file structure-v9.tsv (TSV, C-alpha atoms)
chain	number	residue	atom	x	y	z
A	1	MET	CA	109.37	60.04	110.23
A	2	ASN	CA	106.80	60.46	112.92
A	3	THR	CA	103.48	59.72	111.20
A	4	GLY	CA	101.51	61.22	114.13
A	5	HIS	CA	103.25	64.54	113.58
A	6	ASP	CA	102.83	64.27	109.81
A	7	LYS	CA	99.10	63.74	110.13
A	8	PHE	CA	98.75	66.58	112.60
A	9	ASP	CA	100.85	68.91	110.43
A	10	ALA	CA	98.82	67.99	107.35
A	11	ARG	CA	95.55	68.88	109.09
A	12	ALA	CA	96.99	72.15	110.32
A	13	ARG	CA	98.23	72.99	106.82
A	14	ALA	CA	94.84	72.13	105.31
A	15	ALA	CA	93.07	74.40	107.79
A	16	HIS	CA	95.58	77.14	107.08
A	17	ALA	CA	95.17	76.77	103.30
A	18	ALA	CA	91.39	77.03	103.67
A	19	SER	CA	91.78	80.13	105.84
A	20	LEU	CA	93.80	81.81	103.08
A	21	GLU	CA	90.99	81.15	100.61
A	22	ARG	CA	88.38	82.49	103.01
A	23	LEU	CA	89.73	85.93	103.85
A	24	SER	CA	86.85	88.41	103.99
A	25	PRO	CA	86.49	90.76	100.99
A	26	ALA	CA	87.13	93.74	103.28
A	27	THR	CA	90.46	92.31	104.40
A	28	GLN	CA	91.44	91.36	100.86
A	29	ALA	CA	90.68	94.90	99.71
A	30	GLN	CA	92.67	96.31	102.64
A	31	LEU	CA	95.67	94.18	101.69
A	32	VAL	CA	95.56	95.55	98.14
A	33	GLN	CA	95.22	99.15	99.37
A	34	ARG	CA	97.95	98.79	101.94
A	35	ARG	CA	100.34	97.27	99.41
A	36	ARG	CA	99.75	100.33	97.23
A	37	ARG	CA	100.30	102.61	100.23
A	38	ALA	CA	103.54	100.77	100.97
A	39	PHE	CA	104.80	101.50	97.44
A	40	ALA	CA	103.62	105.12	97.70
A	41	ALA	CA	105.29	105.58	101.10
A	42	HIS	CA	108.52	104.11	99.79
A	43	ASP	CA	108.53	106.27	96.66
A	44	ALA	CA	107.55	109.50	98.46
A	45	PRO	CA	110.88	110.14	100.30
A	46	HIS	CA	112.68	110.29	96.94
A	47	GLY	CA	110.79	113.50	96.13
A	48	ARG	CA	111.69	115.31	99.33
A	49	PRO	CA	115.42	115.86	98.65
A	50	ALA	CA	114.48	117.36	95.28
A	51	VAL	CA	112.23	119.89	96.99
A	52	ARG	CA	114.92	120.64	99.56
A	53	TRP	CA	117.49	121.18	96.78
A	54	ALA	CA	115.11	123.53	94.95
A	55	VAL	CA	114.50	125.63	98.08
A	56	ALA	CA	118.23	125.73	98.88
A	57	THR	CA	119.10	126.76	95.31
A	58	LEU	CA	116.53	129.58	95.39
A	59	ALA	CA	117.90	130.81	98.73
A	60	VAL	CA	121.49	130.82	97.40
A	61	CYS	CA	120.37	132.71	94.27
A	62	ALA	CA	118.58	135.31	96.39
A	63	VAL	CA	121.67	135.87	98.55
A	64	ALA	CA	123.92	136.04	95.47
A	65	ILE	CA	121.68	138.67	93.82
A	66	GLY	CA	121.70	140.70	97.02
A	67	LEU	CA	125.51	140.58	97.22
A	68	LEU	CA	126.00	141.51	93.55
A	69	HIS	CA	123.83	144.65	93.79
A	70	PRO	CA	124.63	146.19	97.20
A	71	THR	CA	124.29	149.89	96.14
A	72	ARG	CA	121.15	149.60	94.08
A	73	ASN	CA	119.10	151.37	96.77
A	74	PRO	CA	120.49	154.23	98.89
A	75	ALA	CA	121.39	153.39	102.44
A	76	PRO	CA	118.53	154.24	104.80
A	77	SER	CA	120.83	156.14	107.17
A	78	ALA	CA	121.99	158.59	104.46
A	79	PRO	CA	119.20	161.21	104.97
A	80	ALA	CA	119.72	161.18	108.71
A	81	LEU	CA	123.43	161.65	108.17
A	82	ALA	CA	122.74	164.50	105.79
A	83	MET	CA	120.40	166.18	108.26
A	84	THR	CA	122.95	165.82	111.02
A	85	THR	CA	125.58	167.35	108.82
A	86	THR	CA	123.28	170.27	107.92
A	87	SER	CA	122.40	171.01	111.53
A	88	ASP	CA	126.05	170.82	112.51
A	89	ALA	CA	126.88	173.30	109.79
A	90	SER	CA	124.21	175.75	110.96
A	91	ALA	CA	125.39	175.39	114.54
A	92	ASP	CA	128.93	176.08	113.42
A	93	SER	CA	127.76	179.16	111.52
A	94	ILE	CA	126.01	180.50	114.67
A	95	ASP	CA	129.07	179.81	116.78
A	96	ASP	CA	131.23	181.69	114.31
A	97	ASN	CA	128.86	184.72	114.00
A	98	PRO	CA	129.78	187.52	116.53
A	99	ASP	CA	126.52	189.37	115.71
A	100	PHE	CA	124.61	186.55	117.37
A	101	TYR	CA	126.38	187.13	120.66
A	102	LEU	CA	125.88	190.87	120.34
A	103	TRP	CA	122.19	190.34	119.83
A	104	LEU	CA	122.06	188.04	122.86
A	105	ALA	CA	123.51	190.79	124.98
A	106	SER	CA	121.09	193.38	123.65
A	107	SER	CA	117.80	194.42	125.29
A	108	ASP	CA	115.85	192.87	122.37
A	109	ALA	CA	116.89	189.43	123.48
A	110	HIS	CA	115.90	190.12	127.12
A	111	SER	CA	112.50	191.44	126.12
A	112	LEU	CA	111.95	188.51	123.81
A	113	ALA	CA	112.88	186.08	126.61
A	114	SER	CA	110.51	187.81	129.11
A	115	GLU	CA	107.57	187.54	126.68
B	1	MET	CA	83.88	97.47	92.12
B	2	LEU	CA	87.46	98.49	91.55
B	3	GLU	CA	88.49	96.71	94.74
B	4	ARG	CA	86.78	93.54	93.50
B	5	VAL	CA	88.78	93.71	90.27
B	6	ASP	CA	91.98	94.30	92.27
B	7	THR	CA	91.39	91.32	94.51
B	8	ASP	CA	90.67	89.17	91.46
B	9	VAL	CA	94.00	90.25	90.00
B	10	ASP	CA	95.67	89.42	93.30
B	11	GLU	CA	94.12	85.96	93.35
B	12	THR	CA	95.49	85.37	89.85
B	13	ARG	CA	98.90	86.52	91.07
B	14	GLU	CA	98.71	84.18	94.05
B	15	ASP	CA	97.94	81.26	91.72
B	16	ALA	CA	100.79	82.23	89.41
B	17	PHE	CA	103.06	82.66	92.43
B	18	ALA	CA	102.22	79.19	93.71
B	19	ALA	CA	102.55	77.54	90.30
B	20	SER	CA	105.77	79.20	89.13
B	21	ALA	CA	109.29	78.97	90.50
B	22	GLY	CA	109.15	82.52	91.80
B	23	PRO	CA	107.57	85.97	91.41
B	24	ALA	CA	108.45	88.15	88.44
B	25	SER	CA	108.57	91.34	90.48
B	26	LEU	CA	108.49	92.43	94.10
B	27	ASP	CA	104.94	93.67	93.56
B	28	ASP	CA	103.93	90.16	92.48
B	29	PHE	CA	105.76	88.69	95.45
B	30	LEU	CA	104.00	90.97	97.93
B	31	ALA	CA	100.63	90.39	96.26
B	32	GLY	CA	101.17	86.65	96.53
B	33	ILE	CA	102.31	86.61	100.14
B	34	GLY	CA	99.83	89.19	101.47
B	35	ALA	CA	97.18	86.75	102.74
B	36	ARG	CA	99.78	84.50	104.40
B	37	ALA	CA	101.42	87.49	106.03
B	38	PHE	CA	98.06	88.67	107.33
B	39	ARG	CA	97.26	85.30	108.90
B	40	PHE	CA	100.72	85.18	110.53
B	41	ALA	CA	100.26	88.66	112.01
B	42	GLU	CA	96.65	87.96	112.99
B	43	LEU	CA	97.67	84.88	114.98
B	44	ALA	CA	100.18	86.93	116.94
B	45	LEU	CA	98.25	90.19	117.38
B	46	ARG	CA	94.64	88.90	117.44
B	47	GLN	CA	93.48	92.23	116.05
B	48	ARG	CA	92.67	92.73	112.38
B	49	ASP	CA	93.77	96.35	112.00
B	50	ASP	CA	97.02	95.81	113.89
B	51	ALA	CA	97.71	92.79	111.70
B	52	LEU	CA	97.08	94.86	108.56
B	53	ASP	CA	99.37	97.61	109.91
B	54	ALA	CA	102.14	95.08	110.51
B	55	VAL	CA	101.77	93.70	106.98
B	56	GLN	CA	101.83	97.19	105.46
B	57	ASP	CA	104.92	98.17	107.47
B	58	ALA	CA	106.68	94.97	106.44
B	59	MET	CA	105.83	95.60	102.78
B	60	THR	CA	107.12	99.18	103.00
B	61	ARG	CA	110.39	98.05	104.55
B	62	MET	CA	110.67	95.17	102.09
B	63	LEU	CA	110.81	97.64	99.20
B	64	ALA	CA	114.28	98.67	100.34
B	65	TYR	CA	115.40	95.19	99.28
B	66	ARG	CA	113.81	95.16	95.84
B	67	ASP	CA	117.24	94.95	94.20
B	68	ARG	CA	118.06	91.72	96.01
B	69	PRO	CA	117.61	88.41	94.14
B	70	ALA	CA	114.03	87.10	94.29
B	71	THR	CA	115.22	83.97	96.10
B	72	GLU	CA	116.20	86.14	99.09
B	73	TRP	CA	112.81	87.83	99.36
B	74	PRO	CA	110.87	85.18	101.36
B	75	PRO	CA	113.29	84.91	104.33
B	76	LEU	CA	113.80	88.69	104.31
B	77	PHE	CA	110.08	89.39	104.28
B	78	TRP	CA	109.25	86.91	107.05
B	79	ARG	CA	112.07	88.29	109.18
B	80	ILE	CA	110.86	91.87	108.69
B	81	LEU	CA	107.24	90.93	109.37
B	82	ARG	CA	108.15	88.96	112.49
B	83	THR	CA	110.15	91.93	113.80
B	84	ARG	CA	107.25	94.30	113.12
B	85	VAL	CA	104.82	92.00	114.91
B	86	VAL	CA	107.12	91.76	117.93
B	87	ASP	CA	107.51	95.56	117.94
B	88	LEU	CA	103.73	95.99	117.92
B	89	GLN	CA	103.34	93.45	120.73
B	90	ARG	CA	105.95	95.25	122.84
B	91	ARG	CA	104.37	98.64	122.11
B	92	ARG	CA	101.04	97.27	123.29
B	93	THR	CA	102.47	96.52	126.70
B	94	PHE	CA	103.20	100.24	127.15
B	95	ARG	CA	99.72	101.32	126.06
B	96	LEU	CA	96.91	101.57	128.54
B	97	ARG	CA	94.61	98.61	128.35
B	98	TRP	CA	91.48	100.68	127.91
B	99	LEU	CA	93.01	102.45	124.92
B	100	LEU	CA	93.52	99.17	123.09
B	101	PRO	CA	90.95	98.09	120.53
B	102	ALA	CA	89.05	95.00	121.53
B	103	GLU	CA	90.79	91.81	120.45
B	104	ASP	CA	88.89	89.87	117.84
B	105	ALA	CA	87.84	86.58	119.38
B	106	THR	CA	87.46	84.89	116.01
B	107	PRO	CA	89.79	85.09	113.02
B	108	ASP	CA	88.79	86.97	109.88
B	109	TRP	CA	86.57	84.75	107.70
B	110	ASN	CA	84.42	85.28	104.64
B	111	ILE	CA	81.16	83.70	105.75
B	112	HIS	CA	79.41	84.66	102.50
B	113	ALA	CA	81.87	82.95	100.18
B	114	SER	CA	80.27	80.41	97.87
B	115	ASP	CA	81.59	76.90	98.23
B	116	PRO	CA	83.48	75.49	95.23
B	117	VAL	CA	81.38	73.43	92.86
B	118	GLY	CA	81.07	69.80	94.00
B	119	LEU	CA	81.99	70.60	97.60
B	120	ASP	CA	79.59	69.70	100.39
B	121	PRO	CA	78.00	72.92	101.76
B	122	SER	CA	78.97	71.89	105.26
B	123	THR	CA	82.63	71.78	104.25
B	124	GLY	CA	82.94	75.56	104.52
B	125	HIS	CA	81.62	75.44	108.04
B	126	ASP	CA	83.99	72.60	108.94
B	127	GLN	CA	86.93	74.49	107.50
B	128	ARG	CA	86.05	77.53	109.57
B	129	GLU	CA	85.73	75.44	112.71
B	130	ALA	CA	89.06	73.76	112.01
B	131	TRP	CA	90.84	77.08	111.54
B	132	ASN	CA	89.23	78.58	114.63
B	133	ARG	CA	90.45	75.62	116.67
B	134	ILE	CA	94.04	75.62	115.43
B	135	ALA	CA	94.22	79.43	115.56
B	136	GLY	CA	92.80	79.45	119.08
B	137	ALA	CA	95.31	76.81	120.18
B	138	LEU	CA	98.21	78.68	118.56
B	139	THR	CA	97.34	81.92	120.36
B	140	THR	CA	97.79	80.15	123.70
B	141	LEU	CA	101.39	79.18	122.89
B	142	PRO	CA	104.45	81.20	123.89
B	143	ARG	CA	105.55	83.52	121.08
B	144	ARG	CA	108.65	81.56	120.00
B	145	GLN	CA	106.74	78.28	119.86
B	146	ARG	CA	103.95	79.86	117.83
B	147	GLU	CA	106.48	81.38	115.42
B	148	ALA	CA	108.32	78.08	115.00
B	149	PHE	CA	105.10	76.19	114.25
B	150	SER	CA	103.72	78.88	111.91
B	151	LEU	CA	106.93	79.23	109.91
B	152	ARG	CA	107.98	75.56	109.81
B	153	VAL	CA	104.60	73.84	109.45
B	154	LEU	CA	102.15	76.39	108.01
B	155	GLU	CA	104.59	78.32	105.81
B	156	GLU	CA	106.73	75.24	105.18
B	157	LEU	CA	110.06	77.05	105.55
B	158	ASP	CA	113.07	74.80	106.12
B	159	VAL	CA	114.83	74.73	109.48
B	160	ALA	CA	117.73	76.94	108.37
B	161	THR	CA	115.42	79.62	106.95
B	162	THR	CA	113.18	79.50	110.02
B	163	ALA	CA	116.23	79.96	112.23
B	164	GLN	CA	117.29	82.92	110.08
B	165	VAL	CA	113.82	84.47	110.33
B	166	MET	CA	113.56	83.93	114.08
B	167	GLY	CA	117.12	85.02	114.73
B	168	CYS	CA	118.09	81.87	116.63
B	169	SER	CA	119.93	78.60	116.08
B	170	GLU	CA	118.50	75.65	114.17
B	171	GLY	CA	118.55	73.66	117.40
B	172	SER	CA	116.36	76.27	119.08
B	173	VAL	CA	113.90	76.08	116.19
B	174	LYS	CA	113.63	72.30	116.62
B	175	THR	CA	113.13	72.66	120.36
B	176	HIS	CA	110.44	75.33	119.99
B	177	LEU	CA	108.70	73.32	117.27
B	178	SER	CA	108.71	70.13	119.32
B	179	ARG	CA	107.22	71.92	122.33
B	180	ALA	CA	104.65	73.66	120.13
B	181	ARG	CA	103.56	70.33	118.61
B	182	ASP	CA	103.25	68.71	122.02
B	183	ALA	CA	101.13	71.59	123.35
B	184	LEU	CA	98.93	71.76	120.26
B	185	GLN	CA	98.34	68.01	120.15
B	186	LYS	CA	97.24	68.07	123.75
B	187	GLN	CA	94.65	70.70	122.86
B	188	LEU	CA	93.61	69.03	119.59
B	189	GLU	CA	93.77	65.35	120.46
B	190	ASP	CA	91.28	64.35	117.79
B	191	TRP	CA	93.60	65.73	115.09
B	192	ARG	CA	96.30	63.12	115.74

call {"tool": "encode", "arguments": {"input": "structure-v9.tsv", "output": "structure tokens"}}
result
Amino acid sequence: MNTGHDKFDARARAAHAASLERLSPATQAQLVQRRRRAFAAHDAPHGRPAVRWAVATLAVCAVAIGLLHPTRNPAPSAPALAMTTTSDASADSIDDNPDFYLWLASSDAHSLASE
Amino acid sequence: MLERVDTDVDETREDAFAASAGPASLDDFLAGIGARAFRFAELALRQRDDALDAVQDAMTRMLAYRDRPATEWPPLFWRILRTRVVDLQRRRTFRLRWLLPAEDATPDWNIHASDPVGLDPSTGHDQREAWNRIAGALTTLPRRQREAFSLRVLEELDVATTAQVMGCSEGSVKTHLSRARDALQKQLEDWR
């Protein structure tokens, strides 16, 4: 073996070993904290699918309940339909009443219109 | 206070990691390799926070391989860390220079650490000077040469594992290492 290289490598290794022993307390503390953060970051994604599943399950339940009870509340258009039907009926009754046309032709209707 | 206790626990883990055949868990493995990983990233990035980010990212990604046998962890971790460091270096080239944090001229060092009992007080200073010199010389090398020297000499990985980590052939590792040694020995002639 090349003894020149061995000696050089040994000195480099010794300097490196000393540098590992002489890390500043702030850096040592950071390494501990960051290792913990690494574990936390790795464990965190496992919780997200559970949350997603819970939200999806709730949404499916809400839709299912809505589909199972469609007539629980009256349809909002029903009163409008009823009113339309009523007004149509009254219009039909006027159309069918000959007295209405007689009254239109009378002087009462002309005087009422001129007022 | 809590951080001090944590770092003490980590030091115990590092000792156990070095003494035993291998780590008992991935947490132990990451605790044991943290300081080495930081120095590797610091040499490449020359910025403490970026180096810590690279180590954290590598640890996070490493957790996906926790089911692998413990013997596979070291090459996997070094490969992941090296990739993260390269990614950060490439990303830096697309960032505006004035947005970059100032590069730390000197490596991280605990200047207040008490010297071990029986050790000459000047030894700590000499150790710091030695590391500053080799770290400074390593930062001047091309990336592949620095990686080859760091992994083969400082981390003492074998040629095959280094090639696996660097994603190249064993012959390329030997070539990069030889060139790195030549360049470093020119800069540090008194170390030969």

call {"tool": "closest_atom_pairs", "arguments": {"input": "structure-v9.tsv", "of": "chain B", "to": "chain A", "cutoff": "8 Å", "atoms": "only C-alpha atoms", "output": "Markdown table"}}
result
| residue | atom | partner | partner_atom | distance |
| --- | --- | --- | --- | --- |
| B:Glu3 | CA | A:Ala29 | CA | 5.7 |
| B:Arg4 | CA | A:Ala29 | CA | 7.5 |
| B:Asp6 | CA | A:Val32 | CA | 7.0 |
| B:Thr7 | CA | A:Gln28 | CA | 6.4 |
| B:Asp10 | CA | A:Val32 | CA | 7.8 |
| B:Leu30 | CA | A:Arg35 | CA | 7.4 |
| B:Ala31 | CA | A:Val32 | CA | 7.5 |
| B:Gly34 | CA | A:Leu31 | CA | 6.5 |
| B:Ala35 | CA | A:Leu20 | CA | 6.0 |
| B:Arg36 | CA | A:Leu20 | CA | 6.7 |
| B:Arg39 | CA | A:Leu20 | CA | 7.6 |
| B:Leu52 | CA | A:Leu31 | CA | 7.0 |
| B:Gln56 | CA | A:Arg34 | CA | 5.5 |
| B:Asp57 | CA | A:Ala38 | CA | 7.1 |
| B:Met59 | CA | A:Ala38 | CA | 5.9 |
| B:Thr60 | CA | A:Ala38 | CA | 4.4 |
| B:Arg61 | CA | A:His42 | CA | 7.9 |
| B:Leu63 | CA | A:His42 | CA | 6.9 |
| B:Ala64 | CA | A:His42 | CA | 7.9 |
| B:Asp108 | CA | A:Leu23 | CA | 6.2 |
| B:Trp109 | CA | A:Leu23 | CA | 5.1 |
| B:Asn110 | CA | A:Ser24 | CA | 4.0 |
| B:Ile111 | CA | A:Ser24 | CA | 7.6 |
| B:Ala113 | CA | A:Arg22 | CA | 7.1 |
| B:Gln127 | CA | A:Ala15 | CA | 6.1 |
| B:Arg128 | CA | A:Ser19 | CA | 7.3 |
| B:Ala130 | CA | A:Ala15 | CA | 5.9 |
| B:Trp131 | CA | A:Ala15 | CA | 5.1 |
| B:Ile134 | CA | A:Ala12 | CA | 6.8 |
| B:Val153 | CA | A:Asp9 | CA | 6.3 |
| B:Leu154 | CA | A:Arg13 | CA | 5.3 |
| B:Arg181 | CA | A:His5 | CA | 7.7 |
| B:Gln185 | CA | A:Phe8 | CA | 7.7 |
| B:Trp191 | CA | A:Phe8 | CA | 5.8 |
| B:Arg192 | CA | A:Phe8 | CA | 5.3 |

call {"tool": "write_last_selection", "arguments": {"input": "structure-v9.tsv", "atoms": "C-alpha atoms", "output": "compact mmCIF listing (two decimals), in the frame of the given file"}}
result
# COMPACT_ATOMS: atom_id res chain seq x y z
CA GLU B 3 88.49 96.71 94.74
CA ARG B 4 86.78 93.54 93.50
CA ASP B 6 91.98 94.30 92.27
CA THR B 7 91.39 91.32 94.51
CA ASP B 10 95.67 89.42 93.30
CA LEU B 30 104.00 90.97 97.93
CA ALA B 31 100.63 90.39 96.26
CA GLY B 34 99.83 89.19 101.47
CA ALA B 35 97.18 86.75 102.74
CA ARG B 36 99.78 84.50 104.40
CA ARG B 39 97.26 85.30 108.90
CA LEU B 52 97.08 94.86 108.56
CA GLN B 56 101.83 97.19 105.46
CA ASP B 57 104.92 98.17 107.47
CA MET B 59 105.83 95.60 102.78
CA THR B 60 107.12 99.18 103.00
CA ARG B 61 110.39 98.05 104.55
CA LEU B 63 110.81 97.64 99.20
CA ALA B 64 114.28 98.67 100.34
CA ASP B 108 88.79 86.97 109.88
CA TRP B 109 86.57 84.75 107.70
CA ASN B 110 84.42 85.28 104.64
CA ILE B 111 81.16 83.70 105.75
CA ALA B 113 81.87 82.95 100.18
CA GLN B 127 86.93 74.49 107.50
CA ARG B 128 86.05 77.53 109.57
CA ALA B 130 89.06 73.76 112.01
CA TRP B 131 90.84 77.08 111.54
CA ILE B 134 94.04 75.62 115.43
CA VAL B 153 104.60 73.84 109.45
CA LEU B 154 102.15 76.39 108.01
CA ARG B 181 103.56 70.33 118.61
CA GLN B 185 98.34 68.01 120.15
CA TRP B 191 93.60 65.73 115.09
CA ARG B 192 96.30 63.12 115.74

call {"tool": "residues_around", "arguments": {"input": "structure-v9.tsv", "residues": "segment 68-71 of chain B", "least_positions_apart": "3", "cutoff": "8 Å", "atoms": "only C-alpha atoms", "output": "list in words"}}
result
Gly22, Pro23, Ser25, Leu26, Tyr65 and Pro74 of chain B

call {"tool": "atom_distance", "arguments": {"input": "structure-v9.tsv", "atom1": "atom CA of Asp158 of chain B", "atom2": "atom CA of Ser178 of chain B"}}
result
14.7 Å

call {"tool": "atom_distance", "arguments": {"input": "structure-v9.tsv", "atom1": "atom CA of Asp190 of chain B", "atom2": "atom CA of Val159 of chain B"}}
result
27.0 Å

call {"tool": "atom_distance", "arguments": {"input": "structure-v9.tsv", "atom1": "atom CA of Gln164 of chain B", "atom2": "atom CA of Ala51 of chain B"}}
result
22.0 Å

call {"tool": "residues_around", "arguments": {"input": "structure-v9.tsv", "residues": "Glu42 of chain B", "least_positions_apart": "2", "cutoff": "10 Å", "atoms": "only C-alpha atoms", "output": "VMD selection string"}}
result
chain B and resid 36 to 40 44 to 52 54 to 55 85 104 107 to 108 135 139

call {"tool": "residues_around", "arguments": {"input": "structure-v9.tsv", "residues": "Val165 of chain B", "least_positions_apart": "6", "cutoff": "10 Å", "atoms": "all atoms listed in the file", "output": "list in words"}}
result
Pro74, Pro75, Leu76, Phe77, Trp78, Arg79, Ile80, Leu81, Arg82, Thr83, Glu147, Ala148, Leu151, Leu157 and Val159 of chain B

call {"tool": "build_atoms", "arguments": {"input": "structure-v9.tsv", "residues": "segment 32-44 of chain A", "atoms": "N, CA and C atoms", "output": "PDB file, in the coordinates of the input"}}
result
ATOM      1  N   VAL A  32      95.219  94.923  99.422  1.00  0.00           N
ATOM      2  CA  VAL A  32      95.560  95.550  98.140  1.00  0.00           C
ATOM      3  C   VAL A  32      95.893  97.025  98.367  1.00  0.00           C
ATOM      4  N   GLN A  33      95.012  97.716  99.111  1.00  0.00           N
ATOM      5  CA  GLN A  33      95.220  99.150  99.370  1.00  0.00           C
ATOM      6  C   GLN A  33      96.520  99.390 100.121  1.00  0.00           C
ATOM      7  N   ARG A  34      96.765  98.572 101.105  1.00  0.00           N
ATOM      8  CA  ARG A  34      97.950  98.790 101.940  1.00  0.00           C
ATOM      9  C   ARG A  34      99.233  98.461 101.181  1.00  0.00           C
ATOM     10  N   ARG A  35      99.167  97.527 100.243  1.00  0.00           N
ATOM     11  CA  ARG A  35     100.340  97.270  99.410  1.00  0.00           C
ATOM     12  C   ARG A  35     100.635  98.502  98.549  1.00  0.00           C
ATOM     13  N   ARG A  36      99.579  99.108  98.026  1.00  0.00           N
ATOM     14  CA  ARG A  36      99.750 100.330  97.230  1.00  0.00           C
ATOM     15  C   ARG A  36     100.329 101.455  98.089  1.00  0.00           C
ATOM     16  N   ARG A  37      99.794 101.567  99.318  1.00  0.00           N
ATOM     17  CA  ARG A  37     100.300 102.610 100.230  1.00  0.00           C
ATOM     18  C   ARG A  37     101.772 102.375 100.539  1.00  0.00           C
ATOM     19  N   ALA A  38     102.140 101.098 100.676  1.00  0.00           N
ATOM     20  CA  ALA A  38     103.540 100.770 100.970  1.00  0.00           C
ATOM     21  C   ALA A  38     104.430 101.261  99.830  1.00  0.00           C
ATOM     22  N   PHE A  39     104.011 101.032  98.584  1.00  0.00           N
ATOM     23  CA  PHE A  39     104.800 101.500  97.440  1.00  0.00           C
ATOM     24  C   PHE A  39     104.831 103.028  97.422  1.00  0.00           C
ATOM     25  N   ALA A  40     103.676 103.657  97.710  1.00  0.00           N
ATOM     26  CA  ALA A  40     103.620 105.120  97.700  1.00  0.00           C
ATOM     27  C   ALA A  40     104.519 105.697  98.795  1.00  0.00           C
ATOM     28  N   ALA A  41     104.469 105.086  99.982  1.00  0.00           N
ATOM     29  CA  ALA A  41     105.290 105.580 101.100  1.00  0.00           C
ATOM     30  C   ALA A  41     106.763 105.421 100.801  1.00  0.00           C
ATOM     31  N   HIS A  42     107.111 104.339 100.107  1.00  0.00           N
ATOM     32  CA  HIS A  42     108.520 104.110  99.790  1.00  0.00           C
ATOM     33  C   HIS A  42     109.008 105.074  98.717  1.00  0.00           C
ATOM     34  N   ASP A  43     108.133 105.389  97.753  1.00  0.00           N
ATOM     35  CA  ASP A  43     108.530 106.270  96.660  1.00  0.00           C
ATOM     36  C   ASP A  43     108.531 107.732  97.081  1.00  0.00           C
ATOM     37  N   ALA A  44     107.691 108.096  98.064  1.00  0.00           N
ATOM     38  CA  ALA A  44     107.550 109.500  98.460  1.00  0.00           C
ATOM     39  C   ALA A  44     108.857 110.130  98.936  1.00  0.00           C
TER      40      ALA A  44
END
